[in-house]
Amino acid sequence: MKAHLHTVILTGIRGKSFYLLLVLGVFISAAVMLVSNFSLREPAAVALSTGFSLVRMLTIFFSIYWVHDMVAQDIERKSLAAALSLPRPRWQWVVGMYAGVSVLSFMACCLLFAILWLTMQLIDGSSQLIPVNLGLPFIASGLALYSCLLVILAFTTMVAVVSTTPFLPLLSGLLFALMASVLGPTRQFLSQADAGLVENQDQLLESLRFAGYLIPDLDRMDIRVWSIYNAVPDWSELALTAFVMACYAVLSLVVGIVVFQRREFP
Amino acid sequence: MLAAKMRGIVLLGLLLLVYVWACSTLLAYERRVDREHYGVVLPGYINVTLAAGDRYLAANLLVIRTLLSNPLDELDIKSQSLLQGQANVLNPYHADNYYLAAAVLAWSGHLNMTQQILTVAADYRPADPWPLFFKGFNAYYFDRDFSAAGRLAEQSAERTTGENKRLLLQIASKWYGQGEDLDVAHAILTELSKSVLSAPVRRTLDARITRLDGLRMLRKAAVIYSEDHNGSKLQSLDRLVDEAYLPELPEDPFGLGYTLDPSGLPIYKSE
């Protein structure tokens, strides 16, 4: 398992992804500074919020791309046969790949959040009634975002080891990330809509409640408001969300491993 | 060989000329601006989906979009009201959202939405006195609910200290006393105008300040008129000009003008 982990990390570092991330980090920095000019009341808050959004988008995309590149392409290129010919259980390959991409995602998060943190030092938020907090709440918000990535990665890894179509993991991973983020706000909008404004509102809400079992609500893990508006999260809700997410990630990996162990490669 | 080459060059030249003619003709066509489509507001969950599932990015984009709307255009204002309502659900902490609502929506006939946004903002931002203060001002100025206004100003004072607290308590006592204070309205509009980035919004707020200045001028002149005429009430605004209390009647930038209420007090003509 350690060998797979090392291979993934080294391949990721040697590839061009991190150079690209660095360039995109400069773009984030410029975008954050630009967008702060759109707010006179709270320039630092709007800048930090946008920065979080951009880092979130990029890390999700790169993490899913790494799974596609390392796992799905490994299967597609038939180089998997060599790895599986060694006298090791197959689950080690899956877990090693997952752990390797998780480490790469963590490094990407550290890089982009460091750039965001440095950019925020250049933005004057002294006029704000509620100053942004770039200490512990900032780190905690970053870690919460990373925990969402771990779930997205687990789902994408599961699809990658099960799928026989090369681009399915990339597409389904992106779709899953989108659905898991939109689920919470959609339920909120529907439950707050005036009665009669939306047709079949109750049925829709019931369907979304059911969807909550199939897709975890990653929106609940977004605690950036702690860093931006000093709004301390509800710890019990956060702990329960983390537990649900951990269960989902483990279940996804277990399903992936079970199918992968029975899969036959030509 | 040479002739074939020449033919090719001539054909290419002709094609270029036709292309330039077509482009200049196309540029002369005016684009049709469809106001109905501009006023379309997508449902909140679609806006979140378009923002890659990020509710805070969606809220920022919605607030930035509202900065581009024209406060004098009814369709724009209707859209702005809906967009700000969505932004309020997505990010109830957003200061620009509640500020913009207080600066534009309340003055454009969308008082319910403004009060809703301010209520949520006050709830989510317990250290911020201004959502409660604006809500109180709206209750005082638009709803004429003086006891609610005074209570809200008092609650907003509890969220601050020092000079601000003293001033807010002073305003609260004035509002409780039902005294109509146009100077406070003027100060609030001036502060709002200074704090908005959108040029059309600022222009509208400045026009409202000019309108309010006109009313203040008329009321001051009416008080002097009444004192000079042994307390008798003003019958017509023109009297103020005829009897040289004012060089001319103030102009209303919104074109509605001013009138007198039954007690002889100058008021706005209703919008």
# chains A, B, ... in the order shown; residues from 1 in each chain; ligands from 1
>>> interface_residues(of="chain A", to="chain B", cutoff="10 Å", atoms="only C-alpha atoms", output="number ranges by chain")
A: 35, 37-43, 45-47, 49-54, 56-57, 128-130, 174-175, 177-190, 192, 218-219, 222, 224-225, 228-231
>>> residues_around(residues="B:Leu83", least_positions_apart="5", cutoff="9 Å", atoms="only C-alpha atoms", output="NGL selection string")
:B and (41-42 or 44 or 59 or 62-63 or 65-66 or 78 or 88)
>>> atom_distance(atom1="atom CA of A:Leu253", atom2="atom CA of A:Ile13")
24.2 Å
>>> closest_residue(among="A:Leu112, A:Leu134, A:Met33, A:Ala144", to="A:Leu21", atoms="only C-alpha atoms")
A:Leu112
>>> select_by_dssp(residues="stretch 63-260 of chain B", states="helix (DSSP H, G or I)", output="ChimeraX atom specification")
/B:63-67,74-90,95-108,111-124,130-141,146-157,162-176,182-194,199-228,238-242
>>> closest_residue(among="A:Leu86, A:Val255, A:Val32, A:Val26", to="A:Val161", atoms="only C-alpha atoms")
A:Val255
>>> closest_residue(among="A:Thr157, A:Gln201, A:Ser163, A:Ser227", to="A:Tyr98", atoms="only C-alpha atoms")
A:Thr157
>>> atom_distance(atom1="atom CA of B:His229", atom2="atom CA of B:Ile267")
20.3 Å
>>> atom_distance(atom1="atom CA of A:Val94", atom2="atom CA of A:Leu10")
16.8 Å
>>> residues_around(residues="B:Arg239", least_positions_apart="4", cutoff="12 Å", atoms="only C-alpha atoms", output="count of residues only")
18
>>> closest_residue(among="B:His186, B:Trp130, B:Ala148, B:Arg31", to="B:Thr160", atoms="only C-alpha atoms")
B:Trp130
>>> residues_around(residues="A:Pro166", least_positions_apart="4", cutoff="12 Å", atoms="only C-alpha atoms", output="PyMOL selection string")
chain A and resi 65+67-77+159-162+170-172
>>> residues_around(residues="B:Ala172", least_positions_apart="5", cutoff="7 Å", atoms="only C-alpha atoms", output="PyMOL selection string")
chain B and resi 150-151+153-154
>>> write_last_selection(atoms="N, CA and C atoms", output="short mmCIF file (atom, residue, chain, number, x, y, z; two decimals), in the first residue's frame")
data_model
loop_
_atom_site.label_atom_id
_atom_site.label_comp_id
_atom_site.auth_asym_id
_atom_site.auth_seq_id
_atom_site.Cartn_x
_atom_site.Cartn_y
_atom_site.Cartn_z
N GLY B 150 -39.00 53.67 17.75
CA GLY B 150 -38.24 54.01 18.96
C GLY B 150 -37.63 52.78 19.59
N ARG B 151 -38.43 51.71 19.65
CA ARG B 151 -37.96 50.46 20.27
C ARG B 151 -36.75 49.90 19.50
N ALA B 153 -34.67 51.57 17.54
CA ALA B 153 -33.50 52.45 17.71
C ALA B 153 -32.84 52.18 19.06
N GLU B 154 -33.67 51.92 20.07
CA GLU B 154 -33.14 51.62 21.40
C GLU B 154 -32.35 50.30 21.38
#
